[in-house]
Structures are given as structure tokens and as C-alpha cells.
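Participant: Structure in C-alpha cells, see below.
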Amino acid sequence: MSRCLTPAHRLSVVLGLLLTILIGGGHFAPAAHAESIRGQQWYLDIWKIDEVWKTSRGSGVTVAVIDSGVDTTHPDLEGQVLPSLSTPGDSRGHGTGMAGLIAGQGRAGGGQGAFGVAPGVKILPFRAVETSPGKYDEVSIAKGIRLAADSDAQIISISLAGSAKSQLEGEAVDYALSKGKLVVAGGGNTPDSQNGIPVYPAAFPGVLAVSAVDKQGKPASNNVSGSWISLTAPGQDIPSPCVSSTRYCLGTGSSDATALTSGVAALVWSVHPDWTANQVIRRLLDTANRPNEPVPSDTFGYGAVSPRKALAATDTPGPADVNPLIGVRGDKPTTAPTTAAPNTPSAAAPTTPSQTAPPAAAPVAKSDDDGDGLLVPILAGTIAAAALVAGAAVIAMRRRRARELAHRQAAAVPPWPTAPPAPPTYHPGAGPYDRR
């Protein structure tokens with residue numbers, strides 16, 4: 001026999017559960033019956049991440065994360081975040097999630113929290129100016145890219161995107177490439193993006209654009225395909241740190257794939273500190289798991305990024321001063337990146353206007369979200385508690401039009417698909433998450 005709870009009643013039950021399950025400072029008590037957060041990071045298991053970490057953990061590499069900011073108090077990120085290039089803190093939790101996917105330490109729940117793919121990396125955050133919920137001003141994003149280009153960060157990870165081609169962003173990307181930075185950005189998510197319609201900054205020449213795939217190597221449920229896609233990475237049902245009451249969220253989309261790819265690039269660069277960004281890109285492209293179709297593919301780019309293969313390869317990574325992403329599909333070349341050692345700031349390059357990005361008619365807002373908008377708190381408690389929390393979160397669900405970032409999954413499971421999968425069915429009680 002069952003009875004329906006009113007929204008207020010269900011919310012009060014959830015709050016009570018939170019008080020009993022969570023311990024001080026937002027940390028979790030060890031999971032009793034529910035799977036730990038680490039246990040739900042399926043892509044780390046596919047990548048055999050423990051073996052990867054014997055070779056590299058990303059030490060010595062800094063990744064600039066241009067997003068909603070980063071919460072430095074999250075237990076999985078404490079000690080990994082450098083002073084912000086702008087306003088400290090996180091306006092909505094998205095940036096904290098991206099930072100956690102890159103450099104998370106998994107400290108919560110007695111070492112069962114969220115681990116980043118490159119836990120030795122330091123995060124340099126930039127908090128973009130929010131113009132409306134989940135939307136960011138292009139002037140702010142361009143400023144963040146330039147500040148990151150002038151910093152010691154080698155990689156600039158951008159899980160923000162928009163369909164308008166901004167001159168300011170194009171110039172900022174050109175500047176970052178000229179300073180030897182590796183720029184990684186999301187390839188786009190539906191419903192905000194459409195197949196074949198470029199999104200930016202992912203579609204600017206020289207940017208490593210990523211699309212999301214699921215556990216089977218199929219396109220994620222909100223995947224967008226197009227000629228700007230370079231690689232794919234895991235991006236379906238990805239748990240990560242956030243600023244919700246439970247401190248963890250579940251995401252689907254190119255945002256997560258972008259952050260994970262940035263982390264894999266950091267693993268490679270840590271082992272080869274004398275390489276340039278161009279050579280790191282070449283290594284990722286050459287060692288990607290290929291789809292069963294010609295590459296580069298609009299759906300999969302050059303394939304799914306593979307940290308183990310990227311670290312095990314011994315072939316020459318290609319010329320230091322040639323970006324392998326420029327000129328492949330008829331795009332115009334941007335300023336050639338410097339060949340200076342990536343771990344030392346290179347000389348400032350001219351900031352002449354980009355020839356690849358025509359002026360936008362008006363300021364362009366970029367969005368940061370990458371899911372269907374459902375918020376279902378992650379609890380490291382019982383499955384029953386998780387189900388109740390999920391129900392409460394469904395009551396509080398809100399639409400957040402997703403940001404267009406894409407990346408493709410590593411170590412994808414063959415065979416690769418030739419058509420997008422059917423829309424997935426989401427079961428609110430299936431996992432203790434905030435659905436982002």
C-alpha cells in the first residue's frame with residue numbers, strides 16, 4: 001500500500017534525510033547500500049584509470065577552466081584550485097563540476113567521492129559574467145580566454161558555447177593559440193544546437209572540439225554532430241562535484257566530455273613537458289579509437305580519446321609548429337602557435353583582429369548547461385533515500401537551456417553506431433544525483 005506525499009511533505013522528508021546522511025562541511029558518510037560516487041564513474045573503469053595513473057597523473061600541468069567559477073571548498077577540490085582570474089566562487093555549480101572531472105581528488109565519503117581523470121592537475125578558474133541564468137556574456141568569455149592565454153596554464157577548457165560567431169571570441173582564441181595554448185571546447189548539445197550548424201568557440205580553427213558519447217560508444221542522448229567535431233569522450237550520466245546541497249550532480253553532454261578530454265591532454269603533457277600544444281593534439285588524434293566510418297567524421301571526429309593509448313604511443317607526435325586541426329576541412333588558418341616550451345610563458349603575440357571570426361551584430365550570450373535540467377540530489381546513503389531525494393528534485397526541476405559543448409568518449413566499445421540512439425528513459429530513483 002502506498003500513499004502520495006505532497007511536494008512540501010516530500011521536501012521535508014528529503015531535508016530530514018540530508019541532515020542524517022550528510023556530515024559537517026558537506027562531506028558524505030560512507031555509502032551503506034548505495035553505490036559510491038567513484039563507483040559510478042564508469043568511464044574511469046573503461047579507461048583502466050589506475051593503470052593510467054602509474055604513468056601520469058597530470059602533475060606539473062595547469063588547466064584554465066572558463067565557466068561559472070569553481071567552489072574551492074568542495075572536499076574533492078580542496079588544494080587543487082589556484083586563485084581565480086576573476087571573481088572567486090561558483091555562480092551555479094557547472095564550473096565546479098568541470099574542474100572536478102579534470103582534477104578531483106575523491107576525498108568525500110572516505111575516499112569514494114569524485115575523481116578527476118588527472119588528479120595531479122592544478123585548476124585556474126575564470127568566472128564568466130552571467131547575463132541571465134546559465135548565460136554568459138561573450139565579452140567576459142573573451143576576456144577569460146585572453147587572461148588564461150597570458151597565464152601559466154597550458155590548457156584552456158571551455159564548457160560554454162553559442163551558435164553566434166563572435167569576433168571578440170575569435171580574436172581571443174587566435175591570441176591563445178599564438179601563445180601556445182591548447183584550447184578545448186564543447187561541440188554542442190540539443191535542443192539548443194542543431195546538427196550541421198557550428199557552435200563557438202568549438203568551431204574556431206585550431207580548437208579541439210569534443211562531442212559526447214555513452215558507455216557503449218554511441219552518441220550521447222543530446223549529441224550534436226558537425227564538421228567542427230575533433231574527438232569524442234564520455235558524456236552520458238557523468239557524476240561530478242557541484243554546489244547543490246548534496247555536493248554532487250549527474251550530467252549528460254559535451255560539457256563533461258570537454259572537461260575529460262582536457263584532463264587526458266594534461267596526462268600526456270605531463271609526461272612530455274617539452275611538447276607543444278600542437279603535438280599533444282596530434283597524439284590525441286592519432287591514438288583515438290576509430291569509428292567504423294571515414295575520419296574525420298561529423299559524429300565522431302577522429303574517434304574516442306584514449307588515455308592509455310595516448311600515453312603508450314612512442315611514435316613522433318608531429319611538427320611542433322603545425323596545428324593538425326587547421327586546414328583539415330577548408331577552414332582558414334589562424335596564427336601559428338609558438339614553439340616555445342609549453343611550461344614557460346611565451347612572448348606576447350600581436351593581438352590583431354582575427355580573420356576567421358566576423359563581427360557579431362550584438363553581444364552574444366553563451367550557455368553553460370549540458371543536461372535536461374532535472375536536478376536530483378546525489379546522496380551517499382540508501383537507495384530509498386536516493387529515490388526520495390530524486391522525487392523532491394523533480395518537484396524543483398527547472399529548465400536550463402544547455403550550453404553547447406561536446407567531446408567524445410575514450411575507450412569506446414565497438415561496434416560504433418551509424419545512427420543516433422533512441423532517446424533514453426530517465427528513472428528518477430535510479431541513482432542519487434542532481435540531474436544537471
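For the C-alpha cells, the naming scheme is as follows: chains receive sequential letters (A, B, ...) according to their order of presentation, residues are indexed from 1 within each chain, and ligands are indexed from 1 in presentation order.
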Sort by chain and increasing residue number a table of all residues of range 50-130 of chain A within 10 Å of range 303-308 of chain A, each with its closest pair of atoms and their distance in Å to one decimal, counting only C-alpha atoms, and write it as JSON lines.

Facilitator:
```
{"residue": "A:Glu51", "atom": "CA", "partner": "A:Arg308", "partner_atom": "CA", "distance": 8.0}
{"residue": "A:Val52", "atom": "CA", "partner": "A:Arg308", "partner_atom": "CA", "distance": 5.9}
{"residue": "A:Trp53", "atom": "CA", "partner": "A:Arg308", "partner_atom": "CA", "distance": 9.5}
{"residue": "A:Thr55", "atom": "CA", "partner": "A:Arg308", "partner_atom": "CA", "distance": 9.2}
{"residue": "A:Ser56", "atom": "CA", "partner": "A:Pro307", "partner_atom": "CA", "distance": 9.7}
{"residue": "A:Val117", "atom": "CA", "partner": "A:Pro307", "partner_atom": "CA", "distance": 9.1}
```

Participant: Please identify all polymer residues within 9 Å of Val268 in chain A, counting only C-alpha atoms, omitting same-chain residues fewer than 5 positions from it, and present them as a PyMOL selection string.

Facilitator: chain A and resi 56+58+263+273+280+283-284+307+310-311

Participant: Among range 132-257 of chain A, which ones does DSSP place in helix (DSSP H, G or I), written as a ChimeraX atom specification?

Facilitator: /A:138-149,167-178,254-257

Participant: Dump C-alpha atoms for the selected residues as a PDB file, in the first residue's frame?

Facilitator:
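Result written to out-v3.pdb:
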```pdb
ATOM      1  CA  GLU A 138      30.816  36.975 -24.889  1.00  0.00           C
ATOM      2  CA  VAL A 139      32.937  39.950 -23.750  1.00  0.00           C
ATOM      3  CA  SER A 140      33.530  38.185 -20.447  1.00  0.00           C
ATOM      4  CA  ILE A 141      34.381  34.865 -22.104  1.00  0.00           C
ATOM      5  CA  ALA A 142      36.828  36.545 -24.493  1.00  0.00           C
ATOM      6  CA  LYS A 143      38.457  38.284 -21.531  1.00  0.00           C
ATOM      7  CA  GLY A 144      38.808  34.950 -19.747  1.00  0.00           C
ATOM      8  CA  ILE A 145      40.462  33.336 -22.757  1.00  0.00           C
ATOM      9  CA  ARG A 146      42.975  36.199 -23.002  1.00  0.00           C
ATOM     10  CA  LEU A 147      43.773  36.144 -19.288  1.00  0.00           C
ATOM     11  CA  ALA A 148      44.279  32.385 -19.471  1.00  0.00           C
ATOM     12  CA  ALA A 149      46.494  32.850 -22.528  1.00  0.00           C
ATOM     13  CA  GLN A 167      34.644  38.379 -33.315  1.00  0.00           C
ATOM     14  CA  LEU A 168      35.849  39.011 -29.759  1.00  0.00           C
ATOM     15  CA  GLU A 169      35.971  35.304 -29.018  1.00  0.00           C
ATOM     16  CA  GLY A 170      37.628  34.544 -32.346  1.00  0.00           C
ATOM     17  CA  GLU A 171      40.363  37.068 -31.663  1.00  0.00           C
ATOM     18  CA  ALA A 172      40.819  35.738 -28.140  1.00  0.00           C
ATOM     19  CA  VAL A 173      41.146  32.168 -29.414  1.00  0.00           C
ATOM     20  CA  ASP A 174      43.687  33.274 -32.026  1.00  0.00           C
ATOM     21  CA  TYR A 175      45.652  35.002 -29.290  1.00  0.00           C
ATOM     22  CA  ALA A 176      45.599  31.917 -27.066  1.00  0.00           C
ATOM     23  CA  LEU A 177      46.784  29.706 -29.939  1.00  0.00           C
ATOM     24  CA  SER A 178      49.561  32.180 -30.707  1.00  0.00           C
ATOM     25  CA  SER A 254      29.584  17.851 -24.282  1.00  0.00           C
ATOM     26  CA  SER A 255      30.488  19.899 -21.198  1.00  0.00           C
ATOM     27  CA  ASP A 256      31.552  16.761 -19.362  1.00  0.00           C
ATOM     28  CA  ALA A 257      33.259  15.329 -22.453  1.00  0.00           C
TER      29      ALA A 257
END
```

Participant: Take CA of Tyr248 in chain A and CA of Ala103 in chain A and report the distance between them in Å, one decimal.

Facilitator: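 Taking CA of Tyr248 in chain A as the start and CA of Ala103 in chain A as the end point, the length is 14.9 Å.
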
Participant: Distance CA of Val271 in chain A-CA of Val295 in chain A, one decimal place?

Facilitator: 27.2 Å

Participant: For each of A:Cys249, A:Val183, A:Ala108, A:Leu44, take the minimum atom-to-atom distance to Gly95 in chain A, counting only C-alpha atoms, then give the residue where this is smallest.

Facilitator: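 Checking each candidate against Gly95 in chain A, we get A:Cys249 as the closest.
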
Participant: So which one's closest to Asp50 in chain A, A:Gly116, A:Gly196, A:Pro296, A:Gly97? Using only C-alpha atoms, please.

Facilitator: A:Gly116

Participant: As a list in words, please: the residues near Arg127 in chain A (cut-off 7 Å, only C-alpha atoms, same-chain neighbours under 4 positions excluded).

Facilitator: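 Surrounding residues, per the criterion: Ile66, Asp67, Ser68, Gly69, Ser86 and Thr87 of chain A.
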
Participant: Deliver the residues from the most recent selection as a file, using N, CA and C atoms, as an mmCIF file, in the first residue's frame.

Facilitator:
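Just written: selection05.cif:
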```cif
data_model
loop_
_atom_site.group_PDB
_atom_site.id
_atom_site.type_symbol
_atom_site.label_atom_id
_atom_site.label_comp_id
_atom_site.auth_asym_id
_atom_site.auth_seq_id
_atom_site.Cartn_x
_atom_site.Cartn_y
_atom_site.Cartn_z
ATOM 1 N N ILE A 66 37.240 28.076 -17.918
ATOM 2 C CA ILE A 66 36.413 29.266 -18.124
ATOM 3 C C ILE A 66 34.960 28.827 -18.064
ATOM 4 N N ASP A 67 34.279 29.237 -17.002
ATOM 5 C CA ASP A 67 32.947 28.696 -16.750
ATOM 6 C C ASP A 67 32.224 29.573 -15.735
ATOM 7 N N SER A 68 31.431 28.940 -14.871
ATOM 8 C CA SER A 68 30.678 29.672 -13.847
ATOM 9 C C SER A 68 31.498 29.916 -12.590
ATOM 10 N N GLY A 69 32.774 29.533 -12.622
ATOM 11 C CA GLY A 69 33.621 29.637 -11.453
ATOM 12 C C GLY A 69 33.841 28.263 -10.843
ATOM 13 N N SER A 86 39.327 35.898 -11.938
ATOM 14 C CA SER A 86 38.265 36.899 -11.811
ATOM 15 C C SER A 86 37.631 36.761 -10.436
ATOM 16 N N THR A 87 36.311 36.910 -10.349
ATOM 17 C CA THR A 87 35.610 36.809 -9.076
ATOM 18 C C THR A 87 35.663 35.377 -8.544
#
```

Participant: Wanna dump the range 54-102 of chain A-range 229-240 of chain A contacts at 8 Å for me, each residue with its shortest atom pair and the distance in Å to one decimal, counting only C-alpha atoms, ordered by chain and number, as JSON lines?

Facilitator:
```
{"residue": "A:Gly97", "atom": "CA", "partner": "A:Ser240", "partner_atom": "CA", "distance": 5.0}
{"residue": "A:Met98", "atom": "CA", "partner": "A:Ser240", "partner_atom": "CA", "distance": 7.5}
{"residue": "A:Gly100", "atom": "CA", "partner": "A:Ser240", "partner_atom": "CA", "distance": 6.1}
{"residue": "A:Leu101", "atom": "CA", "partner": "A:Ser240", "partner_atom": "CA", "distance": 6.2}
```

Participant: If you run DSSP on this backbone, which residues of range 209-305 of chain A come out as strand (DSSP E), and could you give them as a list in words?

Facilitator: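 Restricting range 209-305 of chain A to strand (DSSP E) produces Ala209, Val210, Ser211, Ala212, Val213, Leu231, Thr232, Ala233, Pro234, Ile238, Pro239, Ser240, Pro241, Tyr248, Cys249, Leu250 and Gly251 of chain A.
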
Participant: Suppose we keep C-alpha atoms; can you now write the selection as a PDB file, in the first residue's frame?

Facilitator:
```pdb
ATOM      1  CA  ALA A 209      36.126  20.424 -30.256  1.00  0.00           C
ATOM      2  CA  VAL A 210      34.638  17.469 -28.405  1.00  0.00           C
ATOM      3  CA  SER A 211      31.357  15.576 -28.612  1.00  0.00           C
ATOM      4  CA  ALA A 212      29.831  13.258 -26.018  1.00  0.00           C
ATOM      5  CA  VAL A 213      29.264   9.500 -26.184  1.00  0.00           C
ATOM      6  CA  LEU A 231      37.125  13.947 -30.873  1.00  0.00           C
ATOM      7  CA  THR A 232      34.600  12.269 -28.619  1.00  0.00           C
ATOM      8  CA  ALA A 233      34.765  11.466 -24.897  1.00  0.00           C
ATOM      9  CA  PRO A 234      32.447  10.109 -22.170  1.00  0.00           C
ATOM     10  CA  ILE A 238      28.633  11.585 -15.624  1.00  0.00           C
ATOM     11  CA  PRO A 239      28.753  12.266 -11.856  1.00  0.00           C
ATOM     12  CA  SER A 240      30.737  15.298 -10.765  1.00  0.00           C
ATOM     13  CA  PRO A 241      31.120  17.754  -7.877  1.00  0.00           C
ATOM     14  CA  TYR A 248      27.306  16.081  -6.466  1.00  0.00           C
ATOM     15  CA  CYS A 249      25.432  16.233  -9.771  1.00  0.00           C
ATOM     16  CA  LEU A 250      24.831  13.984 -12.757  1.00  0.00           C
ATOM     17  CA  GLY A 251      25.451  15.471 -16.209  1.00  0.00           C
TER      18      GLY A 251
END
```

Participant: Which one of A:Ser225, A:Asn189, A:Ser166, A:Ser151 sits closest to Phe204 in chain A if you count only C-alpha atoms?

Facilitator: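 The shortest atom-to-atom distance to Phe204 in chain A comes from A:Ser166.
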
Participant: So, with only C-alpha atoms as the atoms that count, which of A:Lys218, A:Phe126, A:Ser36, A:Pro201 lies closest to Pro291 in chain A?

Facilitator: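 Closest to Pro291 in chain A of all the choices is A:Lys218.
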